[in-house]
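Dumped entry38.json below, it's JSON, C-alpha atoms:
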[["chain", "number", "residue", "atom", "x", "y", "z"],
["A", 1, "MET", "CA", -80.33, -18.06, -38.71],
["A", 2, "HIS", "CA", -84.00, -18.95, -39.03],
["A", 3, "GLY", "CA", -84.91, -21.98, -41.19],
["A", 4, "GLY", "CA", -87.19, -20.02, -43.51],
["A", 5, "GLY", "CA", -84.52, -17.40, -44.19],
["A", 6, "SER", "CA", -81.93, -20.10, -44.86],
["A", 7, "LYS", "CA", -84.21, -21.81, -47.37],
["A", 8, "MET", "CA", -84.91, -18.54, -49.13],
["A", 9, "LEU", "CA", -81.20, -17.71, -49.37],
["A", 10, "GLY", "CA", -80.50, -21.24, -50.61],
["A", 11, "VAL", "CA", -83.05, -20.84, -53.44],
["A", 12, "VAL", "CA", -81.64, -17.41, -54.31],
["A", 13, "ASN", "CA", -78.09, -18.78, -54.57],
["A", 14, "PHE", "CA", -79.22, -21.77, -56.60],
["A", 15, "ILE", "CA", -80.84, -19.41, -59.13],
["A", 16, "THR", "CA", -77.63, -17.36, -59.18],
["A", 17, "PHE", "CA", -75.65, -20.53, -59.91],
["A", 18, "LEU", "CA", -77.96, -21.36, -62.82],
["A", 19, "ALA", "CA", -77.59, -17.79, -64.13],
["A", 20, "SER", "CA", -73.81, -18.21, -64.26],
["A", 21, "ILE", "CA", -74.08, -21.06, -66.77],
["A", 22, "PRO", "CA", -75.18, -18.98, -69.82],
["A", 23, "VAL", "CA", -72.56, -16.32, -68.98],
["A", 24, "LEU", "CA", -69.82, -18.93, -68.84],
["A", 25, "GLY", "CA", -71.23, -20.63, -71.93],
["A", 26, "GLY", "CA", -71.11, -17.33, -73.84],
["A", 27, "GLY", "CA", -67.46, -16.89, -72.92],
["A", 28, "ILE", "CA", -66.62, -20.44, -74.01],
["A", 29, "TRP", "CA", -68.49, -19.86, -77.28],
["A", 30, "LEU", "CA", -66.45, -16.73, -77.91],
["A", 31, "ALA", "CA", -63.30, -18.69, -77.09],
["A", 32, "SER", "CA", -64.21, -21.36, -79.64],
["A", 33, "ARG", "CA", -64.78, -18.69, -82.28],
["A", 34, "ALA", "CA", -61.49, -17.05, -81.33],
["A", 35, "ASN", "CA", -59.67, -20.24, -82.32],
["A", 36, "THR", "CA", -61.60, -20.99, -85.49],
["A", 37, "THR", "CA", -63.53, -17.98, -86.82],
["A", 38, "ASP", "CA", -62.97, -14.49, -85.43],
["A", 39, "CYS", "CA", -59.36, -15.05, -84.32],
["A", 40, "ILE", "CA", -59.74, -12.43, -81.56],
["A", 41, "ARG", "CA", -58.41, -13.98, -78.38],
["A", 42, "PHE", "CA", -58.86, -11.21, -75.79],
["A", 43, "LEU", "CA", -62.65, -10.75, -75.90],
["A", 44, "GLN", "CA", -63.76, -13.95, -74.21],
["A", 45, "TRP", "CA", -61.74, -13.70, -71.01],
["A", 46, "PRO", "CA", -63.81, -11.00, -69.25],
["A", 47, "ILE", "CA", -66.97, -13.04, -69.83],
["A", 48, "ILE", "CA", -65.38, -16.30, -68.68],
["A", 49, "ILE", "CA", -64.01, -14.62, -65.54],
["A", 50, "ILE", "CA", -67.40, -13.06, -64.73],
["A", 51, "GLY", "CA", -69.17, -16.40, -65.29],
["A", 52, "LEU", "CA", -66.73, -18.26, -63.05],
["A", 53, "ALA", "CA", -66.98, -15.53, -60.40],
["A", 54, "VAL", "CA", -70.78, -15.75, -60.35],
["A", 55, "MET", "CA", -70.57, -19.54, -60.06],
["A", 56, "VAL", "CA", -68.04, -19.47, -57.20],
["A", 57, "VAL", "CA", -69.81, -16.69, -55.31],
["A", 58, "SER", "CA", -73.18, -18.42, -55.62],
["A", 59, "LEU", "CA", -71.69, -21.62, -54.18],
["A", 60, "MET", "CA", -70.23, -19.53, -51.36],
["A", 61, "GLY", "CA", -73.63, -18.03, -50.62],
["A", 62, "PHE", "CA", -75.29, -21.45, -50.85],
["A", 63, "ALA", "CA", -72.82, -22.84, -48.31],
["A", 64, "GLY", "CA", -73.37, -19.83, -46.06],
["A", 65, "ALA", "CA", -77.14, -20.34, -46.17],
["A", 66, "CYS", "CA", -76.96, -24.08, -45.54],
["A", 67, "TYR", "CA", -74.48, -23.89, -42.67],
["A", 68, "ARG", "CA", -75.83, -20.57, -41.38],
["A", 69, "GLN", "CA", -72.53, -18.76, -41.72],
["A", 70, "THR", "CA", -73.38, -15.08, -41.69],
["A", 71, "TRP", "CA", -69.89, -13.97, -42.69],
["A", 72, "LEU", "CA", -70.06, -16.04, -45.88],
["A", 73, "LEU", "CA", -73.37, -14.42, -46.78],
["A", 74, "ARG", "CA", -71.90, -10.98, -46.20],
["A", 75, "ILE", "CA", -69.03, -11.79, -48.57],
["A", 76, "TYR", "CA", -71.54, -13.20, -51.07],
["A", 77, "LEU", "CA", -73.64, -10.03, -51.13],
["A", 78, "PHE", "CA", -70.55, -7.81, -51.29],
["A", 79, "ALA", "CA", -68.97, -9.79, -54.14],
["A", 80, "MET", "CA", -72.24, -10.12, -56.07],
["A", 81, "PHE", "CA", -72.63, -6.35, -56.10],
["A", 82, "PHE", "CA", -69.29, -5.93, -57.87],
["A", 83, "ILE", "CA", -70.08, -8.78, -60.27],
["A", 84, "VAL", "CA", -73.33, -7.06, -61.28],
["A", 85, "VAL", "CA", -71.41, -3.81, -61.84],
["A", 86, "ALA", "CA", -68.74, -5.64, -63.89],
["A", 87, "LEU", "CA", -71.36, -7.36, -66.05],
["A", 88, "LEU", "CA", -73.15, -4.06, -66.62],
["A", 89, "PHE", "CA", -69.85, -2.45, -67.61],
["A", 90, "PHE", "CA", -69.12, -5.22, -70.13],
["A", 91, "ILE", "CA", -72.57, -4.91, -71.70],
["A", 92, "VAL", "CA", -72.21, -1.15, -72.10],
["A", 93, "PHE", "CA", -68.66, -1.59, -73.44],
["A", 94, "ALA", "CA", -69.74, -4.28, -75.92],
["A", 95, "PHE", "CA", -72.46, -2.07, -77.41],
["A", 96, "ALA", "CA", -70.27, 1.05, -77.34],
["A", 97, "VAL", "CA", -67.38, -0.45, -79.34],
["A", 98, "THR", "CA", -69.67, -2.16, -81.86],
["A", 99, "ASP", "CA", -72.12, 0.67, -82.44],
["A", 100, "ARG", "CA", -70.93, 1.42, -85.99],
["A", 101, "GLY", "CA", -70.29, -0.51, -89.14],
["A", 102, "GLU", "CA", -72.73, -2.37, -91.33],
["A", 103, "GLY", "CA", -72.36, -4.50, -94.42],
["A", 104, "GLN", "CA", -73.04, -2.80, -97.74],
["A", 105, "VAL", "CA", -75.51, -4.16, -100.24],
["A", 106, "VAL", "CA", -74.05, -4.86, -103.69],
["A", 107, "MET", "CA", -76.18, -5.07, -106.81],
["A", 108, "ASN", "CA", -76.82, -8.60, -108.06],
["A", 109, "ARG", "CA", -75.16, -10.09, -104.99],
["A", 110, "ARG", "CA", -76.83, -11.76, -102.05],
["A", 111, "PHE", "CA", -73.84, -11.39, -99.75],
["A", 112, "LEU", "CA", -72.81, -8.12, -98.17],
["A", 113, "GLU", "CA", -69.43, -6.42, -98.51],
["A", 114, "TYR", "CA", -67.52, -4.59, -95.82],
["A", 115, "GLN", "CA", -65.31, -1.51, -95.77],
["A", 116, "LEU", "CA", -62.92, -0.53, -93.00],
["A", 117, "SER", "CA", -63.91, 3.12, -93.34],
["A", 118, "ASP", "CA", -67.36, 2.24, -91.95],
["A", 119, "TYR", "CA", -65.81, 1.38, -88.59],
["A", 120, "ASN", "CA", -64.04, 3.55, -86.06],
["A", 121, "GLY", "CA", -63.12, 3.68, -82.42],
["A", 122, "TRP", "CA", -61.06, 1.52, -80.13],
["A", 123, "LEU", "CA", -61.93, -1.85, -81.67],
["A", 124, "ARG", "CA", -60.99, -0.77, -85.19],
["A", 125, "GLY", "CA", -57.66, 0.56, -83.91],
["A", 126, "ARG", "CA", -57.05, -2.72, -82.12],
["A", 127, "VAL", "CA", -57.80, -4.89, -85.15],
["A", 128, "ALA", "CA", -56.04, -2.63, -87.66],
["A", 129, "ASP", "CA", -52.85, -2.43, -85.61],
["A", 130, "PRO", "CA", -50.13, -3.95, -87.87],
["A", 131, "ASP", "CA", -48.66, -6.18, -85.20],
["A", 132, "TYR", "CA", -52.00, -7.46, -83.98],
["A", 133, "TRP", "CA", -53.32, -7.88, -87.51],
["A", 134, "ALA", "CA", -50.32, -10.06, -88.33],
["A", 135, "THR", "CA", -51.51, -12.41, -85.59],
["A", 136, "ILE", "CA", -55.14, -12.32, -86.75],
["A", 137, "SER", "CA", -54.30, -12.90, -90.42],
["A", 138, "ALA", "CA", -52.01, -15.80, -89.49],
["A", 139, "CYS", "CA", -54.86, -17.29, -87.44],
["A", 140, "LEU", "CA", -57.26, -16.95, -90.39],
["A", 141, "ARG", "CA", -54.75, -18.52, -92.75],
["A", 142, "ASP", "CA", -53.76, -21.36, -90.44],
["A", 143, "GLY", "CA", -57.39, -21.98, -89.54],
["A", 144, "HIS", "CA", -58.31, -22.35, -93.23],
["A", 145, "ALA", "CA", -61.02, -19.72, -92.92],
["A", 146, "CYS", "CA", -61.71, -19.84, -96.65],
["A", 147, "ARG", "CA", -61.79, -23.60, -97.09],
["A", 148, "SER", "CA", -65.55, -23.72, -96.58],
["A", 149, "MET", "CA", -65.94, -21.30, -99.50],
["A", 150, "ARG", "CA", -65.37, -24.14, -101.95],
["A", 151, "ARG", "CA", -68.63, -25.80, -102.73],
["A", 152, "PRO", "CA", -68.67, -28.01, -105.84],
["A", 153, "VAL", "CA", -72.00, -28.74, -107.47],
["A", 154, "ARG", "CA", -73.17, -31.71, -109.45],
["A", 155, "ASP", "CA", -73.57, -31.24, -113.18],
["A", 156, "PRO", "CA", -77.15, -32.23, -114.11],
["A", 157, "ASN", "CA", -76.01, -33.58, -117.48],
["A", 158, "THR", "CA", -72.97, -35.65, -116.49],
["A", 159, "GLY", "CA", -73.66, -36.17, -112.80],
["A", 160, "MET", "CA", -70.06, -35.23, -112.00],
["A", 161, "LEU", "CA", -68.96, -32.67, -109.43],
["A", 162, "VAL", "CA", -67.89, -29.42, -111.08],
["A", 163, "LEU", "CA", -66.86, -25.97, -109.92],
["A", 164, "GLU", "CA", -69.66, -23.77, -108.67],
["A", 165, "PRO", "CA", -70.73, -21.35, -111.45],
["A", 166, "ALA", "CA", -70.62, -17.61, -110.87],
["A", 167, "VAL", "CA", -74.39, -17.17, -110.82],
["A", 168, "VAL", "CA", -74.69, -19.68, -108.00],
["A", 169, "PHE", "CA", -71.80, -18.13, -106.06],
["A", 170, "TYR", "CA", -73.30, -14.65, -106.30],
["A", 171, "GLY", "CA", -76.49, -15.98, -104.73],
["A", 172, "ARG", "CA", -74.73, -17.35, -101.66],
["A", 173, "ASP", "CA", -74.99, -15.82, -98.18],
["A", 174, "LEU", "CA", -71.34, -15.44, -97.16],
["A", 175, "SER", "CA", -70.10, -14.73, -93.67],
["A", 176, "PRO", "CA", -68.35, -11.37, -93.10],
["A", 177, "ILE", "CA", -64.91, -13.01, -93.07],
["A", 178, "GLN", "CA", -65.65, -15.03, -96.21],
["A", 179, "SER", "CA", -66.84, -11.91, -98.00],
["A", 180, "GLY", "CA", -63.98, -9.70, -96.86],
["A", 181, "CYS", "CA", -61.02, -12.09, -96.77],
["A", 182, "CYS", "CA", -61.66, -14.89, -99.25],
["A", 183, "LYS", "CA", -62.55, -12.97, -102.40],
["A", 184, "PRO", "CA", -61.69, -9.59, -103.93],
["A", 185, "PRO", "CA", -64.12, -6.68, -103.53],
["A", 186, "THR", "CA", -66.81, -6.54, -106.20],
["A", 187, "SER", "CA", -65.59, -3.05, -107.16],
["A", 188, "CYS", "CA", -62.43, -4.68, -108.58],
["A", 189, "ALA", "CA", -64.58, -6.23, -111.34],
["A", 190, "PHE", "CA", -62.43, -9.36, -111.39],
["A", 191, "THR", "CA", -63.55, -12.34, -113.44],
["A", 192, "TYR", "CA", -64.81, -15.29, -111.42],
["A", 193, "ASN", "CA", -63.02, -18.62, -111.96],
["A", 194, "ASN", "CA", -63.94, -20.28, -108.69],
["A", 195, "GLU", "CA", -64.67, -19.19, -105.15],
["A", 196, "THR", "CA", -61.07, -18.28, -104.31],
["A", 197, "TYR", "CA", -59.54, -17.80, -107.76],
["A", 198, "TRP", "CA", -60.26, -14.61, -109.73],
["A", 199, "SER", "CA", -58.72, -13.05, -112.82],
["A", 200, "ALA", "CA", -58.03, -9.32, -113.04],
["A", 201, "ASN", "CA", -59.78, -7.38, -115.80],
["A", 202, "PRO", "CA", -57.17, -5.23, -117.58],
["A", 203, "GLY", "CA", -59.79, -2.65, -118.55],
["A", 204, "VAL", "CA", -60.59, -1.66, -114.95],
["A", 205, "PRO", "CA", -58.33, 0.92, -113.19],
["A", 206, "THR", "CA", -57.92, -1.04, -109.97],
["A", 207, "VAL", "CA", -55.61, 1.54, -108.39],
["A", 208, "VAL", "CA", -58.29, 4.20, -108.56],
["A", 209, "THR", "CA", -61.20, 1.88, -107.76],
["A", 210, "ASP", "CA", -60.02, 0.15, -104.60],
["A", 211, "PRO", "CA", -56.51, -0.35, -103.16],
["A", 212, "ASP", "CA", -57.58, -3.80, -102.01],
["A", 213, "CYS", "CA", -57.62, -4.90, -105.64],
["A", 214, "LEU", "CA", -53.82, -4.72, -105.68],
["A", 215, "LYS", "CA", -53.59, -6.69, -102.42],
["A", 216, "TRP", "CA", -55.61, -9.61, -103.76],
["A", 217, "SER", "CA", -53.67, -12.74, -104.66],
["A", 218, "ASN", "CA", -54.78, -16.10, -106.01],
["A", 219, "ASP", "CA", -52.19, -17.67, -103.73],
["A", 220, "GLN", "CA", -54.38, -19.63, -101.34],
["A", 221, "GLN", "CA", -52.13, -18.63, -98.44],
["A", 222, "THR", "CA", -52.55, -14.93, -99.23],
["A", 223, "LEU", "CA", -55.94, -14.25, -100.88],
["A", 224, "CYS", "CA", -57.20, -10.98, -99.37],
["A", 225, "PHE", "CA", -55.87, -11.47, -95.83],
["A", 226, "GLN", "CA", -54.00, -8.16, -96.04],
["A", 227, "CYS", "CA", -56.98, -6.24, -97.44],
["A", 228, "ASP", "CA", -58.86, -3.59, -95.50],
["A", 229, "SER", "CA", -62.03, -5.44, -96.46],
["A", 230, "CYS", "CA", -60.75, -8.45, -94.51],
["A", 231, "LYS", "CA", -60.20, -6.29, -91.41],
["A", 232, "ALA", "CA", -63.72, -4.94, -91.85],
["A", 233, "GLY", "CA", -65.04, -8.49, -92.19],
["A", 234, "VAL", "CA", -63.35, -9.46, -88.92],
["A", 235, "LEU", "CA", -64.87, -6.40, -87.23],
["A", 236, "ALA", "CA", -68.30, -7.30, -88.58],
["A", 237, "GLY", "CA", -67.90, -10.86, -87.27],
["A", 238, "ILE", "CA", -66.86, -9.54, -83.86],
["A", 239, "LYS", "CA", -69.86, -7.24, -83.80],
["A", 240, "LYS", "CA", -72.26, -10.10, -84.48],
["A", 241, "SER", "CA", -70.64, -12.33, -81.86],
["A", 242, "TRP", "CA", -70.46, -9.65, -79.19],
["A", 243, "ARG", "CA", -74.03, -8.54, -79.75],
["A", 244, "LYS", "CA", -75.31, -12.10, -79.35],
["A", 245, "VAL", "CA", -73.40, -12.59, -76.10],
["A", 246, "ALA", "CA", -74.38, -9.11, -74.85],
["A", 247, "ILE", "CA", -78.09, -9.84, -75.33],
["A", 248, "ILE", "CA", -77.74, -13.03, -73.28],
["A", 249, "ASN", "CA", -75.86, -11.09, -70.63],
["A", 250, "ILE", "CA", -78.63, -8.48, -70.46],
["A", 251, "VAL", "CA", -81.12, -11.20, -69.58],
["A", 252, "VAL", "CA", -78.69, -12.65, -67.02],
["A", 253, "LEU", "CA", -78.06, -9.19, -65.58],
["A", 254, "ILE", "CA", -81.78, -8.64, -65.01],
["A", 255, "ILE", "CA", -82.00, -12.01, -63.27],
["A", 256, "LEU", "CA", -78.94, -11.25, -61.13],
["A", 257, "VAL", "CA", -80.33, -7.86, -60.06],
["A", 258, "ILE", "CA", -83.66, -9.41, -59.06],
["A", 259, "VAL", "CA", -81.89, -12.25, -57.26],
["A", 260, "TYR", "CA", -79.51, -9.82, -55.53],
["A", 261, "VAL", "CA", -82.39, -7.69, -54.24],
["A", 262, "ALA", "CA", -84.20, -10.83, -53.07],
["A", 263, "GLY", "CA", -81.01, -12.05, -51.41],
["A", 264, "CYS", "CA", -80.57, -8.77, -49.55],
["A", 265, "ALA", "CA", -84.18, -8.92, -48.34],
["A", 266, "ALA", "CA", -83.83, -12.57, -47.30],
["A", 267, "PHE", "CA", -80.57, -11.83, -45.48],
["A", 268, "ARG", "CA", -82.17, -8.90, -43.66],
["A", 269, "ASN", "CA", -85.17, -11.00, -42.67],
["A", 270, "ALA", "CA", -82.92, -13.81, -41.50],
["A", 271, "LYS", "CA", -80.98, -11.42, -39.29],
["A", 272, "ARG", "CA", -84.22, -10.04, -37.90],
["A", 273, "ASP", "CA", -85.40, -13.57, -37.13],
["A", 274, "ASP", "CA", -82.13, -14.29, -35.34],
["A", 275, "ASN", "CA", -82.44, -11.12, -33.28],
["A", 276, "ASP", "CA", -86.05, -11.87, -32.36],
["A", 277, "GLU", "CA", -85.17, -15.44, -31.42],
["A", 278, "SER", "CA", -82.28, -14.31, -29.22],
["A", 279, "TYR", "CA", -84.45, -11.65, -27.57],
["A", 280, "GLY", "CA", -87.19, -14.22, -26.85],
["A", 281, "MET", "CA", -84.72, -16.65, -25.29],
["A", 282, "ALA", "CA", -83.34, -13.87, -23.11],
["A", 283, "ARG", "CA", -86.82, -12.96, -21.85],
["A", 284, "MET", "CA", -87.61, -16.58, -21.11],
["A", 285, "THR", "CA", -84.43, -16.91, -19.07],
["A", 286, "LYS", "CA", -85.27, -13.83, -17.06],
["A", 287, "SER", "CA", -88.89, -14.85, -16.47],
["A", 288, "ARG", "CA", -87.79, -18.18, -15.02],
["A", 289, "PRO", "CA", -84.73, -17.44, -12.83],
["A", 290, "SER", "CA", -82.80, -20.23, -11.30],
["A", 291, "ARG", "CA", -83.39, -21.04, -7.64],
["A", 292, "PHE", "CA", -79.71, -21.15, -7.00],
["A", 293, "GLN", "CA", -77.86, -17.90, -7.28],
["A", 294, "PHE", "CA", -74.11, -17.96, -7.65]]
Would you mind writing the structure in this file as structure tokens?
Amino acid sequence: MHGGGSKMLGVVNFITFLASIPVLGGGIWLASRANTTDCIRFLQWPIIIIGLAVMVVSLMGFAGACYRQTWLLRIYLFAMFFIVVALLFFIVFAFAVTDRGEGQVVMNRRFLEYQLSDYNGWLRGRVADPDYWATISACLRDGHACRSMRRPVRDPNTGMLVLEPAVVFYGRDLSPIQSGCCKPPTSCAFTYNNETYWSANPGVPTVVTDPDCLKWSNDQQTLCFQCDSCKAGVLAGIKKSWRKVAIINIVVLIILVIVYVAGCAAFRNAKRDDNDESYGMARMTKSRPSRFQF
């Protein structure tokens, strides 16, 4: 293989290796959120596998270019094609399953609230499945998802730390899981005591207003983890996470496509150089025959 073609293929594979880092990083980020925030443990594996595959294949192509192993380069181009297709499929899938569902604005509240009826499709069915939701809710509970809700403030008169007043809490920007799982829906019209402790108002027909009002409990191990609003909050969190990773993957996909096309061109040119070099050597041998014929 000609030196110029080898250098070009080496640069192409090095860029491919660099492109695998954000893909793998996105999968690791999703994995970290799966253990602490979203509690969805099956979403990160396709991204991690794709990132590792890109990294391994790029190293294979780099070795093939450096040691001029044509068969390694053929495997590299063949495998990279399927990786690009797999990454494209994941991006389309990520946007397809998270195309619906938005937080609802509530009067006199800065945070949004979430309803399960705003979501549909495969992902909602997956999250709302009773067996799978038991695992998710246990993860939220064991991970103390609502602990960060508690935010004492300092009393300006006494200087002591006191419970956050309602007016301050209503002005906070809560995450989807905090809004859906750690407090009752605003429609319940419960009285605020602190971030995770609310008193029911006897004058409000909670059965008619929202079934989640009956599922709310001041037990810190229960709260609203069985509410539909909590499932909607998890879905909203997944949507935000997936969309962030999908946008990164779109950029990586564009880079991989450009690099793949450049790699194909460099491989074709390298083969042409090899053929020309072999043809030239053959002509030189024929033009200067040996004096001794065997």
So how far away is CA of Leu116 in chain A from CA of Arg243 in chain A, in Å?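 Taking CA of Arg243 in chain A and CA of Leu116 in chain A, their separation equals 19.1 Å.
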Option closest in space to Met107 in chain A, from A:Pro130, A:Gly61, A:Gly171, A:Pro202 [counting all atoms listed in the file]: A:Gly171
Residue among A:Asn249, A:Asn193, A:Asn157, A:Ser241 lying closest to Ile21 in chain A, counting only C-alpha atoms: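 Nearest to Ile21 in chain A: A:Asn249.
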Have a look at A:Ile136, A:Cys66, A:Ile49, A:Ala79 and name the one nearest to Leu235 in chain A; count all atoms listed in the file.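 With all atoms listed in the file as the atom set, the closest residue is A:Ile136.
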Figure out the distance between CA of Leu223 in chain A and CA of Phe190 in chain A, please, to one decimal in Å. 13.3 Å
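Restricting the calculation to only C-alpha atoms, the smallest distance between Ala86 in chain A and any of A:Ala266, A:Leu72, A:Ala65, A:Leu253 is found for A:Leu253.
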Near-Phe169 in chain A list (9 Å; all atoms listed in the file; drop same-chain fewer than 2 positions) as a ChimeraX atom specification: /A:109,151,164-167,171-173,194-195
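With only C-alpha atoms as the atoms that count, the residue of A:Asp228, A:Met160, A:Ala63, A:Leu52 with the shortest distance to Asp129 in chain A is A:Asp228.
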